[in-house]
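Chemist: This is the content of run10.txt (compact mmCIF, C-alpha atoms):
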```txt
# COMPACT_ATOMS: atom_id res chain seq x y z
CA MET A 1 127.88 39.38 100.63
CA ASN A 2 126.41 42.78 101.49
CA ILE A 3 129.20 45.23 102.37
CA PRO A 4 128.20 47.83 105.01
CA ASP A 5 129.29 51.43 105.09
CA PRO A 6 133.12 51.37 105.13
CA TYR A 7 133.27 54.50 107.28
CA LYS A 8 131.15 52.81 109.93
CA VAL A 9 133.25 49.66 109.74
CA LEU A 10 136.45 51.62 110.40
CA GLN A 11 134.65 53.86 112.93
CA VAL A 12 135.72 57.13 111.29
CA ASP A 13 133.93 60.25 110.10
CA PRO A 14 133.23 60.52 106.35
CA GLU A 15 135.17 63.82 106.36
CA ALA A 16 138.22 62.27 108.07
CA GLU A 17 141.69 62.68 106.56
CA ASP A 18 143.50 59.76 104.93
CA GLU A 19 145.96 59.54 107.84
CA VAL A 20 143.09 59.20 110.32
CA ILE A 21 141.47 56.42 108.29
CA GLU A 22 144.75 54.55 108.01
CA ALA A 23 145.39 54.84 111.76
CA ALA A 24 141.88 53.53 112.47
CA TYR A 25 142.43 50.58 110.14
CA ARG A 26 145.72 49.63 111.81
CA ARG A 27 144.17 49.87 115.27
CA LEU A 28 141.24 47.60 114.33
CA ALA A 29 143.49 45.17 112.43
CA LYS A 30 145.63 44.65 115.52
CA LYS A 31 142.53 44.14 117.65
CA TYR A 32 140.75 41.63 115.41
CA HIS A 33 143.73 39.83 113.88
CA PRO A 34 143.22 36.01 113.90
CA ASP A 35 146.37 35.54 115.98
CA VAL A 36 145.01 37.86 118.66
CA ALA A 37 141.23 37.23 118.53
CA PRO A 38 140.49 33.73 117.25
CA GLY A 39 136.96 32.71 116.38
CA PRO A 40 134.52 32.99 113.47
CA ALA A 41 133.11 36.34 114.64
CA ALA A 42 136.54 37.97 114.77
CA GLN A 43 137.45 36.44 111.41
CA ASP A 44 134.30 37.85 109.79
CA ARG A 45 135.00 41.23 111.38
CA MET A 46 138.55 41.20 110.01
CA VAL A 47 137.27 40.45 106.52
CA ARG A 48 134.96 43.46 106.65
CA ILE A 49 137.76 45.68 107.98
CA ASN A 50 140.01 44.68 105.08
CA GLN A 51 137.22 45.28 102.57
CA ALA A 52 136.55 48.74 104.01
CA TRP A 53 140.25 49.61 103.90
CA GLU A 54 140.49 48.51 100.26
CA MET A 55 137.57 50.80 99.42
CA LEU A 56 138.92 53.86 101.22
CA LYS A 57 142.70 53.75 100.83
CA ASN A 58 142.46 54.65 97.14
CA ALA A 59 141.28 58.17 96.28
CA THR A 60 139.26 57.06 93.25
CA ARG A 61 137.50 54.27 95.12
CA ARG A 62 136.79 56.56 98.06
CA ALA A 63 135.21 59.15 95.73
CA ALA A 64 132.99 56.41 94.31
CA VAL A 65 131.99 55.39 97.84
CA ASP A 66 131.12 59.00 98.69
CA ARG A 67 128.93 59.32 95.57
CA ALA A 68 127.15 56.06 96.39
CA ARG A 69 126.49 57.22 99.96
CA THR A 70 125.07 60.51 98.67
CA ARG A 71 122.71 58.73 96.31
CA SER A 72 121.66 56.34 99.06
CA ALA A 73 120.97 59.23 101.46
CA GLY A 74 118.90 61.03 98.79
CA ALA A 75 116.86 57.92 98.08
CA ALA A 76 116.22 57.37 101.77
CA ALA A 77 115.05 60.98 102.14
CA ARG A 78 112.67 60.60 99.20
CA VAL A 79 111.25 57.38 100.63
CA ALA A 80 110.75 58.98 104.02
CA ALA A 81 109.04 62.00 102.44
CA ALA A 82 106.71 59.73 100.48
CA GLU A 83 105.80 57.86 103.64
CA GLY A 84 105.13 61.16 105.39
CA ARG A 85 102.81 62.31 102.59
CA ALA A 86 100.97 59.00 102.71
CA ARG A 87 100.47 59.30 106.44
CA ALA A 88 99.29 62.92 106.08
CA ALA A 89 96.80 61.88 103.41
CA SER A 90 95.37 59.23 105.74
CA HIS A 91 93.87 62.04 107.87
CA GLY A 92 91.30 62.68 105.15
CA PRO A 93 90.55 65.70 102.95
CA SER A 94 88.63 67.46 105.75
CA HIS A 95 91.86 68.01 107.67
CA ALA A 96 93.29 71.50 107.09
CA GLY A 97 96.34 71.58 104.85
CA ALA A 98 96.07 67.88 103.83
CA ARG A 99 96.69 67.01 100.19
CA PRO A 100 93.85 65.33 98.27
CA GLN A 101 94.28 61.68 97.41
CA GLN A 102 95.59 60.93 93.95
CA ARG A 103 93.31 57.93 93.31
CA PRO A 104 89.61 57.79 94.08
CA ALA A 105 88.39 55.30 96.65
CA SER A 106 87.44 51.99 95.06
CA GLN A 107 85.17 51.04 97.95
CA PRO A 108 82.86 53.07 100.15
CA GLY A 109 84.56 54.28 103.31
CA HIS A 110 88.05 53.90 101.88
CA ALA A 111 90.14 56.77 103.29
CA GLY A 112 93.59 56.03 101.87
CA PRO A 113 96.49 53.97 103.17
CA GLN A 114 95.82 52.30 106.48
CA SER A 115 98.38 51.78 109.16
CA THR A 116 99.41 48.28 110.10
CA GLY A 117 99.42 46.74 113.51
CA GLY A 118 96.67 49.00 114.85
CA VAL A 119 99.08 51.96 115.20
CA ALA A 120 97.55 55.34 114.45
CA PRO A 121 99.19 57.08 111.48
CA GLY A 122 101.53 59.94 112.34
CA TRP A 123 104.33 62.10 110.95
CA GLY A 124 107.48 60.05 110.34
CA PHE A 125 110.00 62.74 111.35
CA PRO A 126 110.15 63.42 115.12
CA GLY A 127 110.53 67.04 116.06
CA MET A 128 108.92 68.33 112.84
CA THR A 129 105.38 69.55 112.27
CA ASP A 130 102.88 67.33 110.48
CA PRO A 131 102.13 68.87 107.05
CA GLY A 132 98.48 68.12 107.67
CA ASP A 133 98.30 70.42 110.71
CA ALA A 134 96.77 73.84 110.33
CA ASP A 135 99.83 75.42 112.02
CA PHE A 136 101.99 74.30 109.09
CA ARG A 137 100.79 77.26 107.03
CA ALA A 138 102.94 80.38 106.74
CA ARG A 139 102.68 82.72 109.69
CA PRO A 140 102.98 86.52 109.51
CA GLN A 141 106.43 87.83 110.30
CA TYR A 142 106.76 89.54 113.66
CA VAL A 143 108.24 93.03 113.58
CA SER A 144 109.45 94.63 116.79
CA PRO A 145 107.69 97.90 117.68
CA ASN A 146 111.12 99.32 118.58
CA TRP A 147 112.53 98.81 115.09
CA THR A 148 114.07 101.86 113.46
CA SER A 149 115.89 102.51 110.23
CA GLY A 150 118.92 103.80 112.13
CA ARG A 151 118.69 107.26 110.57
CA SER A 152 118.28 110.36 112.67
CA GLN A 153 115.19 112.47 112.07
CA ASN A 154 116.89 115.59 113.45
CA GLY A 155 119.51 117.72 111.77
CA HIS A 156 118.84 116.55 108.23
CA GLY A 157 118.60 119.02 105.38
CA TYR A 158 120.71 121.98 104.33
CA ASP A 159 119.91 125.56 105.22
CA PRO A 160 122.29 128.06 103.55
CA GLY A 161 121.15 130.75 105.99
CA THR A 162 122.47 128.89 109.02
CA MET A 163 125.31 126.77 107.65
CA GLY A 164 128.65 128.34 108.61
CA ALA A 165 127.02 130.87 110.90
CA ALA A 166 127.24 131.06 114.68
CA GLN A 167 124.54 128.95 116.38
CA GLY A 168 123.86 131.05 119.50
CA ASP A 169 126.26 132.72 121.89
CA GLY A 170 129.41 131.30 123.47
CA ALA A 171 130.49 131.31 127.09
CA ALA A 172 131.46 134.99 126.84
CA GLY A 173 127.86 135.93 126.08
CA PRO A 174 126.53 138.14 123.28
CA PRO A 175 128.94 140.46 121.46
CA PRO A 176 129.22 143.98 122.88
CA GLY A 177 128.59 145.70 119.55
CA SER A 178 130.49 147.70 116.90
CA PRO A 179 131.82 144.62 115.10
CA SER A 180 134.89 144.84 112.91
CA GLY A 181 136.68 142.06 111.08
CA SER A 182 135.83 138.39 110.79
CA VAL A 183 133.26 136.80 113.09
CA LEU A 184 134.22 133.64 114.97
CA THR A 185 131.90 130.63 114.82
CA PHE A 186 133.58 128.61 117.60
CA GLY A 187 134.89 128.92 121.13
CA ARG A 188 133.76 131.06 123.98
CA TYR A 189 133.65 134.14 121.76
CA THR A 190 131.21 132.64 119.28
CA GLY A 191 129.49 135.42 117.35
CA TRP A 192 132.11 138.01 118.25
CA SER A 193 134.18 139.83 115.67
CA LEU A 194 137.96 139.99 115.98
CA GLY A 195 137.79 143.73 116.65
CA GLU A 196 135.38 143.22 119.54
CA ILE A 197 137.65 140.52 121.00
CA ALA A 198 140.68 142.82 120.64
CA ARG A 199 138.97 145.47 122.74
CA THR A 200 138.16 142.89 125.45
CA ASP A 201 140.69 140.05 125.52
CA LEU A 202 143.99 140.45 123.67
CA GLU A 203 145.39 137.31 125.32
CA TYR A 204 142.74 135.25 123.54
CA LEU A 205 143.87 136.68 120.19
CA GLU A 206 147.48 135.80 121.00
CA TRP A 207 146.43 132.26 121.88
CA LEU A 208 144.31 131.99 118.72
CA ASP A 209 147.25 133.18 116.63
CA ARG A 210 149.31 130.21 117.87
CA MET A 211 146.63 127.60 117.30
CA PRO A 212 146.00 125.80 113.96
CA ILE A 213 142.34 126.81 114.11
CA GLY A 214 143.38 130.47 113.95
CA ARG A 215 145.47 130.25 110.80
CA THR A 216 142.60 131.65 108.75
CA TYR A 217 142.64 134.85 110.81
CA GLN A 218 146.42 135.27 111.26
CA SER A 219 146.72 138.36 109.06
CA GLU A 220 143.86 140.12 110.86
CA ILE A 221 145.14 139.09 114.29
CA ASP A 222 148.63 140.34 113.41
CA GLY A 223 147.27 143.76 112.47
CA LEU A 224 145.20 144.00 115.65
CA LEU A 225 148.11 143.02 117.89
CA ARG A 226 150.36 145.59 116.22
CA SER A 227 147.75 148.32 116.58
CA HIS A 228 147.54 147.58 120.31
CA ARG A 229 151.35 147.50 120.60
CA ARG A 230 151.36 143.82 121.55
CA ARG A 231 153.60 143.02 118.61
CA ALA A 232 156.45 145.12 117.17
CA THR A 233 158.45 144.93 113.98
CA ALA A 234 162.11 144.03 114.32
CA PRO A 235 164.40 147.07 113.72
CA THR A 236 166.10 147.21 110.33
CA ALA A 237 169.76 147.94 109.75
CA GLN A 238 170.69 151.62 109.46
CA HIS A 239 171.47 152.99 106.01
CA GLY A 240 175.18 153.01 105.22
CA GLN A 241 176.12 150.55 107.95
CA ARG A 242 178.58 148.03 106.70
CA GLY A 243 177.39 144.46 106.94
CA LEU A 244 179.33 141.33 107.55
CA PHE A 245 179.90 140.63 103.89
CA ARG A 246 179.87 144.24 102.57
CA ARG A 247 182.87 145.33 100.52
CA ARG A 248 185.08 147.97 102.08
```
Write the structure described by the file as structure tokens, please.

Modeler:
Amino acid sequence: MNIPDPYKVLQVDPEAEDEVIEAAYRRLAKKYHPDVAPGPAAQDRMVRINQAWEMLKNATRRAAVDRARTRSAGAAARVAAAEGRARAASHGPSHAGARPQQRPASQPGHAGPQSTGGVAPGWGFPGMTDPGDADFRARPQYVSPNWTSGRSQNGHGYDPGTMGAAQGDGAAGPPPGSPSGSVLTFGRYTGWSLGEIARTDLEYLEWLDRMPIGRTYQSEIDGLLRSHRRRATAPTAQHGQRGLFRRR
């Protein structure tokens, strides 16, 4: 007796877990049990259910079933492909993209395999293009006109003359002249030297001295603030004055 696909008999997916297959078997066994559904049709159905369960409940047998199904699916695909090639060849060699016939015609006017039942030959896979059609050939790939590499074309390259130098003036405008000290490359006093800023805006130097960005210029800023009497040195102890821990 020809045994059908056990997965179809138990109405489960081939990727189903063992617990799902067992639950499906128990559900169908209760439905088609001879005590519940008498009759030859139900009896035959119950026999097939038991056979399918015997094939799938064991891991080794189930692996063998999966291999057999894979081979069967591959053979069916090869048969379908062969039928498709035969139908494509029936269009004749004048059709664009059609393969030439392997055997010469034995009689005049023989054009290859003929369809039966008066049905015109066609491609056996719905939704796919007939290999004999001219559109089956490779088409040029479309590239969007807006495609870019993602890299900027501006700002690339290295110019030692401009790197690290002030790029234009800041909000304070151009420096007044007579520069002295380091030149800032950031902020509203871009391009100004510390000496020029000290003559114009001492509060900015005090702010810059407190900021992390001004740590590079702290020694220069300290000297400028002291020269403008904005910072004084703490008085030292007088000579001979007894300290807290000095011996008497």

Chemist: Tell me which protein, DNA and RNA residues are within 9 Å of segment 205-211 of chain A, counting all atoms listed in the file, leaving out same-chain ones fewer than 4 positions away, and put them as number ranges by chain.

Modeler: A: 194, 197-198, 201, 215, 217-218, 221-222, 224-225, 230

Chemist: So how far away is atom CA of Ser180 of chain A from atom CA of Gly195 of chain A, in Å?

Modeler: 4.9 Å

Chemist: For Leu10 of chain A, which of A:Lys31, A:Ala42, A:Trp53, A:Pro145 is the closest residue, counting all atoms listed in the file?

Modeler: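 Smallest separation from Leu10 of chain A among the options: A:Trp53.
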
Chemist: Determine the nearest neighbour of Val65 of chain A from the options A:Ile49, A:Gly191, A:Asp44, A:Pro14, counting all atoms listed in the file.

Modeler: A:Pro14

Chemist: With a distance cut-off of 10 Å and all atoms listed in the file, select the neighbouring residues of Leu184 of chain A, excluding the residue or stretch itself and same-chain residues fewer than 2 positions from it, and output the selection as a list in words.

Modeler: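 Within the cut-off, the hits are Gly164, Ala165, Ala166, Gly181, Ser182, Phe186, Gly187, Arg188, Tyr189, Thr190, Gly191, Trp192, Ser193, Leu194, Ile197, Gly214 and Tyr217 of chain A.
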
Chemist: Which residues come within 12 Å of Arg62 of chain A, counting only C-alpha atoms, excluding same-chain residues fewer than 5 positions away, as number ranges by chain?

Modeler: A: 5-7, 14-18, 21, 52-57, 67-69

Chemist: Mind pulling up the distance from atom CA of Thr60 of chain A to atom CA of Glu22 of chain A?

Modeler: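 These two atoms are separated by 15.9 Å.
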
Chemist: Please indicate the distance in Å from atom CA of Val12 of chain A to atom CA of Tyr25 of chain A, rounded to one decimal place.

Modeler: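 The value is 9.4 Å.
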